[in-house]
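> Next up, run_24.txt (compact mmCIF, C-alpha atoms and all ligand atoms).
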```txt
# COMPACT_ATOMS: atom_id res chain seq x y z
CA MET A 1 126.73 48.06 21.33
CA LEU A 2 126.94 44.64 19.67
CA ALA A 3 130.27 43.05 18.75
CA LEU A 4 130.37 40.03 16.44
CA THR A 5 133.72 38.41 17.21
CA HIS A 6 136.07 35.74 15.80
CA CYS A 7 134.11 35.10 12.60
CA THR A 8 135.41 34.31 9.13
CA LEU A 9 134.41 37.38 7.15
CA ILE A 10 133.27 37.17 3.54
CA ASP A 11 132.74 40.88 3.02
CA GLY A 12 130.74 40.91 -0.23
CA SER A 13 133.41 42.70 -2.26
CA GLY A 14 134.57 39.50 -3.93
CA GLY A 15 137.83 39.54 -1.93
CA PRO A 16 139.10 36.41 -0.14
CA PRO A 17 137.66 35.41 3.25
CA ILE A 18 139.32 37.05 6.29
CA PRO A 19 139.74 34.71 9.30
CA ASP A 20 139.24 35.67 12.95
CA THR A 21 137.56 39.01 12.31
CA ASP A 22 135.59 41.20 14.71
CA VAL A 23 132.80 43.51 13.58
CA LEU A 24 131.55 46.26 15.92
CA LEU A 25 128.10 47.67 15.35
CA ASP A 26 126.83 51.06 16.40
CA GLY A 27 123.06 51.25 16.15
CA ASP A 28 122.04 50.51 12.58
CA ALA A 29 125.56 50.81 11.12
CA ILE A 30 128.87 48.98 11.05
CA LEU A 31 131.38 50.90 13.19
CA ARG A 32 134.64 48.94 12.89
CA VAL A 33 135.94 45.81 11.17
CA GLY A 34 139.26 44.22 12.17
CA HIS A 35 141.24 41.59 14.09
CA GLY A 36 141.41 41.67 17.90
CA LEU A 37 139.48 44.92 18.23
CA PRO A 38 139.23 46.27 21.79
CA LEU A 39 135.61 46.08 22.91
CA PRO A 40 134.15 49.30 24.28
CA PRO A 41 132.89 49.02 27.90
CA GLY A 42 129.40 47.61 28.01
CA ALA A 43 129.61 46.08 24.53
CA GLN A 44 127.83 42.78 24.15
CA ALA A 45 130.06 40.25 22.41
CA LEU A 46 128.71 37.40 20.34
CA ASP A 47 131.43 34.81 19.79
CA LEU A 48 131.14 33.52 16.21
CA THR A 49 134.13 31.19 16.24
CA GLY A 50 133.72 28.68 13.41
CA LYS A 51 131.00 30.74 11.74
CA PHE A 52 130.91 32.89 8.60
CA LEU A 53 129.76 36.50 8.46
CA LEU A 54 128.40 37.93 5.21
CA PRO A 55 126.47 41.02 4.16
CA GLY A 56 122.72 40.48 3.93
CA PHE A 57 121.65 39.16 0.54
CA ILE A 58 119.84 41.34 -2.00
CA ASP A 59 117.07 40.28 -4.36
CA ALA A 60 117.16 42.84 -7.16
CA HIS A 61 113.95 41.72 -8.85
CA THR A 62 110.88 41.00 -6.79
CA HIS A 63 107.13 41.58 -6.68
CA LEU A 64 105.97 42.01 -3.08
CA GLY A 65 102.31 41.89 -3.99
CA SER A 66 102.43 38.99 -6.42
CA SER A 67 101.31 35.61 -5.24
CA ALA A 68 102.51 32.04 -5.43
CA ASP A 69 98.84 31.07 -5.17
CA LEU A 70 97.36 30.84 -8.66
CA LYS A 71 93.86 31.40 -7.21
CA ARG A 72 94.76 34.91 -6.05
CA PRO A 73 95.27 37.94 -8.35
CA PRO A 74 98.64 38.02 -10.17
CA VAL A 75 99.49 41.19 -8.26
CA ALA A 76 97.60 43.04 -5.53
CA GLY A 77 97.72 45.92 -3.07
CA ARG A 78 98.93 45.45 0.49
CA PHE A 79 95.45 45.65 2.02
CA VAL A 80 93.88 42.94 -0.12
CA THR A 81 96.48 40.22 0.30
CA TYR A 82 98.72 38.72 2.97
CA ASP A 83 101.52 38.30 0.44
CA TYR A 84 103.31 41.50 1.40
CA ALA A 85 103.59 40.39 5.03
CA GLN A 86 104.48 36.83 4.15
CA HIS A 87 107.14 37.90 1.65
CA ARG A 88 108.78 40.26 4.12
CA GLU A 89 109.11 37.42 6.64
CA GLN A 90 110.35 34.92 4.06
CA ALA A 91 113.00 37.37 2.87
CA LEU A 92 114.37 37.90 6.38
CA GLU A 93 114.36 34.16 7.19
CA TRP A 94 116.50 33.54 4.11
CA GLY A 95 118.93 36.36 4.94
CA VAL A 96 117.60 38.75 2.28
CA THR A 97 117.88 42.24 3.76
CA THR A 98 117.18 44.32 0.65
CA VAL A 99 114.74 43.81 -2.23
CA ARG A 100 113.96 45.88 -5.31
CA SER A 101 110.32 45.85 -6.32
CA ALA A 102 110.05 45.50 -10.09
CA GLY A 103 106.33 46.30 -10.30
CA ASP A 104 103.73 46.48 -7.54
CA TYR A 105 100.69 48.51 -6.53
CA MET A 106 101.21 52.22 -6.08
CA PRO A 107 101.14 53.84 -3.64
CA ASP A 108 101.08 50.69 -1.48
CA VAL A 109 104.63 49.57 -2.18
CA LEU A 110 106.01 53.04 -1.48
CA GLU A 111 104.12 53.23 1.82
CA VAL A 112 105.49 49.84 2.89
CA ARG A 113 108.97 50.94 1.80
CA ASP A 114 108.73 54.04 3.99
CA LEU A 115 107.44 52.09 7.01
CA ALA A 116 110.29 49.60 6.58
CA GLU A 117 112.78 52.45 6.38
CA GLN A 118 111.43 53.97 9.60
CA GLY A 119 111.83 50.61 11.37
CA ALA A 120 108.07 50.38 11.89
CA LEU A 121 107.88 47.02 10.13
CA ARG A 122 109.88 43.80 10.22
CA SER A 123 111.06 44.01 6.66
CA PRO A 124 113.96 43.96 4.30
CA ARG A 125 114.86 47.37 2.93
CA ILE A 126 112.71 48.02 -0.12
CA LEU A 127 113.68 49.93 -3.25
CA ALA A 128 110.73 50.30 -5.55
CA ALA A 129 110.01 51.04 -9.15
CA GLY A 130 106.73 52.88 -9.37
CA LYS A 131 104.13 52.11 -12.00
CA VAL A 132 105.67 50.28 -14.94
CA PHE A 133 105.84 51.60 -18.50
CA GLN A 134 104.43 49.19 -21.07
CA ALA A 135 102.86 49.36 -24.51
CA ASP A 136 99.07 49.66 -24.45
CA GLY A 137 97.79 46.15 -25.13
CA GLY A 138 101.15 44.58 -24.28
CA HIS A 139 102.89 42.63 -21.53
CA PRO A 140 102.28 42.43 -18.61
CA GLY A 141 98.99 44.34 -18.33
CA PHE A 142 97.22 42.48 -21.10
CA SER A 143 98.96 39.12 -20.69
CA VAL A 144 99.66 38.01 -17.11
CA TYR A 145 97.46 40.75 -15.58
CA PHE A 146 94.54 39.84 -17.89
CA GLY A 147 93.66 43.50 -18.54
CA ASP A 148 92.29 43.76 -14.98
CA PRO A 149 91.23 47.43 -14.68
CA ASP A 150 92.28 47.72 -11.02
CA ILE A 151 95.76 46.36 -11.74
CA LEU A 152 96.13 48.52 -14.86
CA GLU A 153 95.24 51.60 -12.83
CA HIS A 154 97.62 50.94 -9.93
CA VAL A 155 100.53 49.10 -11.55
CA CYS A 156 100.84 50.15 -15.21
CA ILE A 157 101.42 53.23 -17.35
CA LEU A 158 99.97 52.31 -20.72
CA VAL A 159 102.05 53.99 -23.41
CA ARG A 160 100.30 55.22 -26.55
CA GLU A 161 101.65 57.42 -29.34
CA ASP A 162 100.59 60.63 -27.59
CA THR A 163 101.55 59.68 -24.01
CA ASP A 164 103.40 62.42 -22.15
CA LEU A 165 106.33 60.17 -21.19
CA GLU A 166 108.34 62.99 -19.61
CA GLY A 167 105.34 64.04 -17.51
CA GLU A 168 104.73 60.45 -16.38
CA VAL A 169 108.37 60.03 -15.32
CA ALA A 170 108.28 63.35 -13.44
CA ALA A 171 105.11 62.19 -11.65
CA LEU A 172 106.84 58.97 -10.57
CA ALA A 173 109.78 60.98 -9.25
CA ARG A 174 107.40 63.25 -7.31
CA ALA A 175 105.61 60.21 -5.87
CA GLY A 176 108.95 58.96 -4.55
CA ALA A 177 109.72 55.99 -6.80
CA ASP A 178 113.32 54.75 -6.52
CA TRP A 179 113.49 53.23 -10.01
CA VAL A 180 111.72 53.35 -13.34
CA LYS A 181 110.66 50.01 -14.84
CA ILE A 182 110.10 49.48 -18.55
CA PHE A 183 108.77 46.43 -20.38
CA LEU A 184 110.44 45.98 -23.78
CA SER A 185 109.02 42.81 -25.25
CA ASP A 186 106.44 41.61 -27.74
CA ASP A 187 105.94 38.13 -26.28
CA ASN A 188 102.67 37.14 -24.71
CA LYS A 189 103.61 35.19 -21.59
CA MET A 190 100.30 33.32 -21.54
CA LYS A 191 100.11 32.05 -25.13
CA TYR A 192 102.57 30.71 -27.66
CA PRO A 193 103.13 31.75 -30.37
CA CYS A 194 101.45 35.10 -29.85
CA THR A 195 102.85 38.59 -30.01
CA VAL A 196 101.58 41.73 -28.31
CA PRO A 197 102.38 45.45 -28.86
CA LYS A 198 105.88 46.56 -27.83
CA LEU A 199 107.35 49.97 -26.92
CA THR A 200 109.36 51.63 -29.69
CA ILE A 201 113.05 52.42 -29.25
CA PRO A 202 112.46 56.21 -29.38
CA GLN A 203 109.87 55.80 -26.60
CA VAL A 204 112.35 53.88 -24.45
CA GLU A 205 115.03 56.48 -25.13
CA ARG A 206 112.68 59.27 -24.03
CA ILE A 207 111.81 57.44 -20.81
CA VAL A 208 115.50 56.79 -20.05
CA ARG A 209 116.44 60.44 -20.69
CA ALA A 210 113.60 61.70 -18.51
CA ALA A 211 114.42 59.22 -15.73
CA HIS A 212 118.07 60.19 -15.64
CA ALA A 213 117.13 63.89 -15.68
CA ASN A 214 115.03 63.20 -12.56
CA GLY A 215 117.84 61.28 -10.85
CA LEU A 216 116.16 57.91 -11.38
CA SER A 217 117.68 54.78 -12.90
CA VAL A 218 115.93 52.46 -15.33
CA MET A 219 115.38 48.70 -15.16
CA CYS A 220 114.20 47.05 -18.36
CA HIS A 221 112.39 43.75 -18.84
CA VAL A 222 113.58 41.93 -21.98
CA ASP A 223 112.72 38.50 -23.27
CA ASP A 224 115.38 37.77 -25.88
CA ALA A 225 118.59 38.96 -27.55
CA THR A 226 116.78 41.42 -29.85
CA ASP A 227 115.06 43.15 -26.91
CA LEU A 228 118.33 43.13 -24.98
CA GLU A 229 120.25 44.82 -27.79
CA GLN A 230 117.55 47.50 -28.06
CA ALA A 231 117.56 48.09 -24.29
CA LEU A 232 121.34 48.42 -24.31
CA THR A 233 121.20 50.90 -27.19
CA ALA A 234 118.56 52.95 -25.37
CA GLY A 235 120.90 53.27 -22.37
CA VAL A 236 118.94 51.51 -19.61
CA ASP A 237 120.78 50.86 -16.34
CA THR A 238 119.77 47.25 -15.70
CA ILE A 239 118.45 44.55 -18.00
CA GLU A 240 116.16 41.89 -16.54
CA HIS A 241 115.64 38.25 -17.64
CA VAL A 242 117.73 37.92 -20.89
CA ILE A 243 115.98 34.85 -22.36
CA ASN A 244 112.51 34.32 -21.03
CA VAL A 245 109.79 31.73 -21.54
CA ALA A 246 107.62 31.96 -24.68
CA THR A 247 110.34 33.42 -26.88
CA GLN A 248 111.97 32.13 -30.08
CA ASP A 249 115.16 34.17 -30.26
CA HIS A 250 117.71 32.08 -28.32
CA THR A 251 121.19 32.99 -29.52
CA PHE A 252 123.60 35.73 -28.54
CA ALA A 253 126.13 37.10 -31.00
CA PRO A 254 129.64 37.48 -29.51
CA ALA A 255 129.61 41.14 -30.61
CA LEU A 256 126.52 41.81 -28.45
CA LEU A 257 128.16 40.19 -25.40
CA GLU A 258 131.24 42.33 -25.97
CA ARG A 259 129.18 45.52 -26.23
CA LEU A 260 127.33 44.57 -23.06
CA ALA A 261 130.57 43.86 -21.18
CA ASP A 262 132.00 47.24 -22.26
CA SER A 263 128.88 49.16 -21.20
CA ASP A 264 127.77 50.45 -17.78
CA THR A 265 124.64 48.32 -18.01
CA TRP A 266 124.12 45.48 -15.53
CA VAL A 267 122.16 42.31 -16.19
CA ALA A 268 119.95 40.38 -13.76
CA PRO A 269 119.24 37.15 -15.67
CA THR A 270 116.57 35.86 -13.21
CA MET A 271 117.65 32.29 -14.05
CA VAL A 272 115.60 30.71 -11.29
CA ALA A 273 112.35 32.15 -12.67
CA THR A 274 113.02 31.03 -16.24
CA LYS A 275 114.10 27.56 -15.08
CA LEU A 276 111.02 27.04 -12.92
CA HIS A 277 108.65 28.38 -15.60
CA ASP A 278 110.23 26.56 -18.54
CA GLY A 279 107.68 24.33 -20.25
CA SER A 280 104.72 25.92 -18.44
CA ILE A 281 103.33 27.52 -21.61
CA PRO A 282 101.73 24.98 -23.95
CA GLY A 283 103.61 24.70 -27.23
CA ALA A 284 106.50 26.97 -26.29
CA PRO A 285 109.97 25.47 -26.79
CA PRO A 286 112.23 25.05 -23.74
CA VAL A 287 114.53 28.06 -23.21
CA TRP A 288 116.35 27.12 -20.01
CA PRO A 289 119.34 25.47 -21.80
CA ALA A 290 119.77 28.61 -23.93
CA LEU A 291 119.66 30.92 -20.90
CA HIS A 292 122.11 28.74 -18.97
CA LYS A 293 124.48 28.90 -21.96
CA ALA A 294 124.02 32.67 -22.46
CA VAL A 295 124.78 33.38 -18.79
CA GLY A 296 127.92 31.24 -19.06
CA GLN A 297 128.98 33.32 -22.06
CA MET A 298 128.24 36.53 -20.13
CA ILE A 299 130.37 35.39 -17.19
CA GLN A 300 133.21 34.60 -19.61
CA ALA A 301 132.81 37.95 -21.37
CA GLY A 302 132.89 39.89 -18.08
CA VAL A 303 129.32 41.21 -18.20
CA LYS A 304 128.30 42.76 -14.87
CA LEU A 305 125.74 40.30 -13.46
CA GLY A 306 123.39 40.87 -10.55
CA VAL A 307 121.06 38.58 -8.65
CA GLY A 308 117.33 39.00 -9.13
CA CYS A 309 114.73 36.27 -8.97
CA ASP A 310 111.33 37.56 -10.08
CA SER A 311 110.32 36.38 -6.62
CA GLY A 312 106.66 36.54 -5.72
CA ILE A 313 105.44 35.18 -9.05
CA PRO A 314 104.12 31.62 -9.08
CA PHE A 315 106.65 28.76 -8.63
CA VAL A 316 109.46 31.07 -7.40
CA PRO A 317 109.86 30.63 -3.61
CA TYR A 318 110.35 34.02 -1.97
CA GLY A 319 113.68 34.50 -0.19
CA GLU A 320 114.94 30.98 -0.87
CA CYS A 321 115.14 31.85 -4.58
CA VAL A 322 118.19 34.08 -3.94
CA HIS A 323 120.06 30.96 -2.85
CA MET A 324 118.77 29.07 -5.89
CA GLU A 325 119.93 31.90 -8.18
CA MET A 326 123.42 31.85 -6.60
CA GLU A 327 123.55 28.08 -7.15
CA LEU A 328 122.56 28.52 -10.81
CA LEU A 329 125.20 31.24 -11.30
CA ARG A 330 127.73 28.85 -9.79
CA ASP A 331 126.62 26.14 -12.23
CA ALA A 332 126.89 28.60 -15.13
CA GLY A 333 130.54 29.33 -14.35
CA MET A 334 130.91 31.71 -11.41
CA SER A 335 133.02 30.72 -8.41
CA GLU A 336 131.25 30.51 -5.04
CA LEU A 337 132.92 33.78 -4.06
CA GLN A 338 131.73 35.49 -7.25
CA ALA A 339 128.17 34.26 -6.79
CA ILE A 340 128.09 35.58 -3.20
CA ALA A 341 129.59 38.91 -4.30
CA ALA A 342 126.97 39.16 -7.05
CA ALA A 343 124.15 38.78 -4.49
CA THR A 344 125.66 41.31 -2.06
CA GLY A 345 128.23 43.94 -3.04
CA GLY A 346 127.60 43.47 -6.76
CA ASN A 347 123.88 43.92 -6.37
CA ALA A 348 124.45 47.05 -4.26
CA SER A 349 126.59 48.47 -7.08
CA MET A 350 123.96 47.51 -9.64
CA LEU A 351 121.38 49.35 -7.52
CA LYS A 352 123.77 52.33 -7.17
CA ARG A 353 123.74 52.02 -3.37
CA ALA A 354 127.22 50.57 -2.75
CA GLU A 355 127.94 53.43 -0.33
CA GLN A 356 124.91 52.49 1.75
CA PHE A 357 124.82 48.67 2.02
CA GLY A 358 125.94 45.39 0.42
CA THR A 359 129.45 44.95 1.86
CA VAL A 360 130.83 44.68 5.40
CA ARG A 361 132.80 47.85 6.03
CA PRO A 362 132.62 50.77 8.45
CA GLY A 363 129.84 53.25 7.83
CA LEU A 364 127.58 50.89 5.90
CA ALA A 365 124.26 49.49 7.09
CA ALA A 366 124.54 46.64 9.59
CA ASP A 367 122.60 44.23 7.35
CA LEU A 368 124.35 40.94 8.09
CA VAL A 369 124.01 37.18 7.83
CA VAL A 370 125.82 34.56 9.91
CA LEU A 371 126.26 31.09 8.36
CA GLY A 372 127.05 27.90 10.23
CA SER A 373 129.15 26.37 7.44
CA ASP A 374 131.52 27.54 4.72
CA PRO A 375 129.75 28.73 1.54
CA LEU A 376 133.05 28.73 -0.35
CA GLN A 377 133.25 24.95 0.11
CA ASP A 378 129.72 24.52 -1.21
CA ILE A 379 127.47 27.35 -2.36
CA ARG A 380 124.47 25.52 -0.85
CA ASN A 381 125.88 26.41 2.58
CA THR A 382 124.49 29.93 2.12
CA ARG A 383 121.25 28.23 3.24
CA ASP A 384 122.79 27.35 6.63
CA ILE A 385 121.56 30.60 8.16
CA ARG A 386 122.04 31.09 11.91
CA LEU A 387 121.52 34.81 12.44
CA VAL A 388 120.18 37.71 10.37
CA LEU A 389 120.56 41.37 11.30
CA ARG A 390 118.72 44.14 9.52
CA ALA A 391 119.86 47.68 10.38
CA GLY A 392 121.67 46.33 13.44
CA GLN A 393 118.61 44.52 14.83
CA ILE A 394 118.49 40.75 15.10
CA VAL A 395 115.49 39.71 13.00
CA PHE A 396 116.20 35.97 12.81
CA ASP A 397 118.06 33.85 15.35
CA ARG A 398 118.93 30.18 15.01
CA LEU A 399 122.33 30.44 16.72
CA ILE A 400 121.42 28.26 19.66
ZN ZN B 501 109.27 40.65 -12.68
```
Starting from the file, lay out its structure as structure tokens.

Amino acid sequence: MLALTHCTLIDGSGGPPIPDTDVLLDGDAILRVGHGLPLPPGAQALDLTGKFLLPGFIDAHTHLGSSADLKRPPVAGRFVTYDYAQHREQALEWGVTTVRSAGDYMPDVLEVRDLAEQGALRSPRILAAGKVFQADGGHPGFSVYFGDPDILEHVCILVREDTDLEGEVAALARAGADWVKIFLSDDNKMKYPCTVPKLTIPQVERIVRAAHANGLSVMCHVDDATDLEQALTAGVDTIEHVINVATQDHTFAPALLERLADSDTWVAPTMVATKLHDGSIPGAPPVWPALHKAVGQMIQAGVKLGVGCDSGIPFVPYGECVHMEMELLRDAGMSELQAIAAATGGNASMLKRAEQFGTVRPGLAADLVVLGSDPLQDIRNTRDIRLVLRAGQIVFDRLI
């Protein structure tokens, strides 16, 4: 049994830090949390005096098989690229113990997820959307994936007027997908100005209904306020991106922010991806200032915000990007404590797994990060990672 003793606990709930706290682990789970806990005989104590214990971070929007290398395919299966392996390691090094795949090869990503779950791989926990729903001819299959037949076959469900949407959702559920991903956008991410086909609202509503009937939740890619309003109306569970590169529609009406705040829908604004991609499409106007402003308005309005990075795509450094996203949320108006809660307990709630992981309390997964300096003094101290545990196992150790 491992006991982490005398740490300052920041438990991921958004509550204040708790000094001189002990955390007892039992296998892959947290057994007890408290002050001055008696150690069971044979327990191995790790004195963390002066250090800070947090839940492992969560990246709610990632692509395990995408590549930072522009010479490789924009997304690939696990047997044709080293990106899966590299990304798993980078996540753990940066204290990221759970990721949600927002579009990857099937069945590869589900196989890796299962191996990770069994403890057969050094890996963060993976939750995975299966093949993504998109309009035939639209984004991403016919923009960033260049219409590549292999990618279209393994990553995309191309929606046409006569597509059996309910049957496709049921097939994803049978295959074991954790989430359903929808693209709701008419922007071409490779050319500006250029529009591509977009799903209709009734199509999105049918997919959402079918997903919920199968016990699956829906994440929805949007590129601007119009898409976002439509996604909200269709009842999706999480909205991804908000204002993305190569779009023209930059303003948010206060009424839309209010509706969003009053809804059950969460938003992962993937600020780091938009910031790093801003200006990369010839002729497209900069959108980063508008996104920064919109996220500030969302924080003010009380919109439920999660942390996702679009990690894996070019320019977005895997693992580290979670820390960049927390820094950007801090800059947009969150406190350090709120930004940390967003990346841990908040993200677990967004992913509907708050009873499984994301905060430090008895019964939850022992996915933990130890920091050498106080992240509430400076959010950049979340990078001062000394120890990472995934399911009770030490997977990264820089304590000494
Ligand atoms: Zn993405």
> Could you pull out every residue with an atom within 8 Å of (131.8, 31.9, -0.3), file coordinates, counting all atoms listed in the file, and send them as a PyMOL selection string?
chain A and resi 10+17+336-340+374-379+382
> Given all atoms listed in the file as the basis, pick out the residue of A:Ala116, A:Leu70, A:Leu25, A:Ala246 nearest to Asn188 in chain A.
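When distances to Asn188 in chain A are compared using all atoms listed in the file, the smallest one comes from A:Ala246.
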> Counting all atoms listed in the file, which residues in range 280-354 of chain A sit no more than 8 Å from range 80-97 of chain A? For each one, give the nearest pair of atoms and the distance in Å, sorted by chain then residue number, as JSON lines.

```
{"residue": "A:Gly312", "atom": "CA", "partner": "A:His87", "partner_atom": "CA", "distance": 7.5}
{"residue": "A:Tyr318", "atom": "CA", "partner": "A:Gln90", "partner_atom": "CA", "distance": 6.1}
{"residue": "A:Gly319", "atom": "CA", "partner": "A:Ala91", "partner_atom": "CA", "distance": 4.3}
{"residue": "A:Glu320", "atom": "CA", "partner": "A:Trp94", "partner_atom": "CA", "distance": 5.8}
{"residue": "A:Val322", "atom": "CA", "partner": "A:Val96", "partner_atom": "CA", "distance": 7.8}
```
> Report as a list in words all protein, DNA and RNA residues lying within 6 Å of Tyr105 in chain A, evaluated on all atoms listed in the file, omitting residues in the same chain fewer than 3 positions from it.
Gly77, Asp108, Val109, His154 and Val155 of chain A
> Could you list, as a list in words, all the residues within 7 Å of ligand ZN 501 (chain B), counting all atoms listed in the file?
His61, Thr62, His63, Ala102, Gly103 and Asp310 of chain A
> Using the partial input, fill out range 163-187 of chain A with N, CA and C atoms; write the result as a PDB file, keeping the file's coordinate frame.

```pdb
ATOM      1  N   THR A 163     101.328  59.650 -25.470  1.00  0.00           N
ATOM      2  CA  THR A 163     101.550  59.680 -24.010  1.00  0.00           C
ATOM      3  C   THR A 163     102.664  60.670 -23.653  1.00  0.00           C
ATOM      4  N   ASP A 164     102.413  61.465 -22.637  1.00  0.00           N
ATOM      5  CA  ASP A 164     103.400  62.420 -22.150  1.00  0.00           C
ATOM      6  C   ASP A 164     104.412  61.676 -21.273  1.00  0.00           C
ATOM      7  N   LEU A 165     105.391  61.045 -21.918  1.00  0.00           N
ATOM      8  CA  LEU A 165     106.330  60.170 -21.190  1.00  0.00           C
ATOM      9  C   LEU A 165     107.120  60.959 -20.156  1.00  0.00           C
ATOM     10  N   GLU A 166     107.551  62.171 -20.537  1.00  0.00           N
ATOM     11  CA  GLU A 166     108.340  62.990 -19.610  1.00  0.00           C
ATOM     12  C   GLU A 166     107.506  63.367 -18.390  1.00  0.00           C
ATOM     13  N   GLY A 167     106.236  63.699 -18.622  1.00  0.00           N
ATOM     14  CA  GLY A 167     105.340  64.040 -17.510  1.00  0.00           C
ATOM     15  C   GLY A 167     105.095  62.849 -16.601  1.00  0.00           C
ATOM     16  N   GLU A 168     104.960  61.665 -17.192  1.00  0.00           N
ATOM     17  CA  GLU A 168     104.730  60.450 -16.380  1.00  0.00           C
ATOM     18  C   GLU A 168     105.959  60.131 -15.520  1.00  0.00           C
ATOM     19  N   VAL A 169     107.147  60.294 -16.095  1.00  0.00           N
ATOM     20  CA  VAL A 169     108.370  60.030 -15.320  1.00  0.00           C
ATOM     21  C   VAL A 169     108.479  61.045 -14.171  1.00  0.00           C
ATOM     22  N   ALA A 170     108.198  62.307 -14.475  1.00  0.00           N
ATOM     23  CA  ALA A 170     108.280  63.350 -13.440  1.00  0.00           C
ATOM     24  C   ALA A 170     107.284  63.051 -12.315  1.00  0.00           C
ATOM     25  N   ALA A 171     106.112  62.536 -12.675  1.00  0.00           N
ATOM     26  CA  ALA A 171     105.110  62.190 -11.650  1.00  0.00           C
ATOM     27  C   ALA A 171     105.604  61.051 -10.767  1.00  0.00           C
ATOM     28  N   LEU A 172     106.275  60.073 -11.362  1.00  0.00           N
ATOM     29  CA  LEU A 172     106.840  58.970 -10.570  1.00  0.00           C
ATOM     30  C   LEU A 172     107.900  59.494  -9.602  1.00  0.00           C
ATOM     31  N   ALA A 173     108.727  60.397 -10.111  1.00  0.00           N
ATOM     32  CA  ALA A 173     109.780  60.980  -9.250  1.00  0.00           C
ATOM     33  C   ALA A 173     109.137  61.732  -8.090  1.00  0.00           C
ATOM     34  N   ARG A 174     108.089  62.497  -8.376  1.00  0.00           N
ATOM     35  CA  ARG A 174     107.400  63.250  -7.310  1.00  0.00           C
ATOM     36  C   ARG A 174     106.771  62.313  -6.295  1.00  0.00           C
ATOM     37  N   ALA A 175     106.260  61.174  -6.773  1.00  0.00           N
ATOM     38  CA  ALA A 175     105.610  60.210  -5.870  1.00  0.00           C
ATOM     39  C   ALA A 175     106.632  59.489  -4.993  1.00  0.00           C
ATOM     40  N   GLY A 176     107.911  59.564  -5.381  1.00  0.00           N
ATOM     41  CA  GLY A 176     108.950  58.960  -4.550  1.00  0.00           C
ATOM     42  C   GLY A 176     109.452  57.609  -5.022  1.00  0.00           C
ATOM     43  N   ALA A 177     109.197  57.256  -6.281  1.00  0.00           N
ATOM     44  CA  ALA A 177     109.720  55.990  -6.800  1.00  0.00           C
ATOM     45  C   ALA A 177     111.244  56.018  -6.774  1.00  0.00           C
ATOM     46  N   ASP A 178     111.862  54.837  -6.531  1.00  0.00           N
ATOM     47  CA  ASP A 178     113.320  54.750  -6.520  1.00  0.00           C
ATOM     48  C   ASP A 178     113.867  54.411  -7.906  1.00  0.00           C
ATOM     49  N   TRP A 179     113.073  53.692  -8.690  1.00  0.00           N
ATOM     50  CA  TRP A 179     113.490  53.230 -10.010  1.00  0.00           C
ATOM     51  C   TRP A 179     112.365  53.426 -11.000  1.00  0.00           C
ATOM     52  N   VAL A 180     112.723  53.387 -12.278  1.00  0.00           N
ATOM     53  CA  VAL A 180     111.720  53.350 -13.340  1.00  0.00           C
ATOM     54  C   VAL A 180     111.821  51.993 -14.022  1.00  0.00           C
ATOM     55  N   LYS A 181     110.679  51.335 -14.201  1.00  0.00           N
ATOM     56  CA  LYS A 181     110.660  50.010 -14.840  1.00  0.00           C
ATOM     57  C   LYS A 181     109.984  50.102 -16.193  1.00  0.00           C
ATOM     58  N   ILE A 182     110.625  49.499 -17.175  1.00  0.00           N
ATOM     59  CA  ILE A 182     110.100  49.480 -18.550  1.00  0.00           C
ATOM     60  C   ILE A 182     109.970  48.034 -19.007  1.00  0.00           C
ATOM     61  N   PHE A 183     108.908  47.737 -19.715  1.00  0.00           N
ATOM     62  CA  PHE A 183     108.770  46.430 -20.380  1.00  0.00           C
ATOM     63  C   PHE A 183     109.062  46.604 -21.862  1.00  0.00           C
ATOM     64  N   LEU A 184     110.070  45.903 -22.360  1.00  0.00           N
ATOM     65  CA  LEU A 184     110.440  45.980 -23.780  1.00  0.00           C
ATOM     66  C   LEU A 184     110.389  44.569 -24.350  1.00  0.00           C
ATOM     67  N   SER A 185     109.210  44.186 -24.791  1.00  0.00           N
ATOM     68  CA  SER A 185     109.020  42.810 -25.250  1.00  0.00           C
ATOM     69  C   SER A 185     107.729  42.726 -26.040  1.00  0.00           C
ATOM     70  N   ASP A 186     107.700  41.821 -27.022  1.00  0.00           N
ATOM     71  CA  ASP A 186     106.440  41.610 -27.740  1.00  0.00           C
ATOM     72  C   ASP A 186     105.903  40.194 -27.535  1.00  0.00           C
ATOM     73  N   ASP A 187     106.442  39.492 -26.539  1.00  0.00           N
ATOM     74  CA  ASP A 187     105.940  38.130 -26.280  1.00  0.00           C
ATOM     75  C   ASP A 187     104.747  38.179 -25.343  1.00  0.00           C
TER      76      ASP A 187
END
```
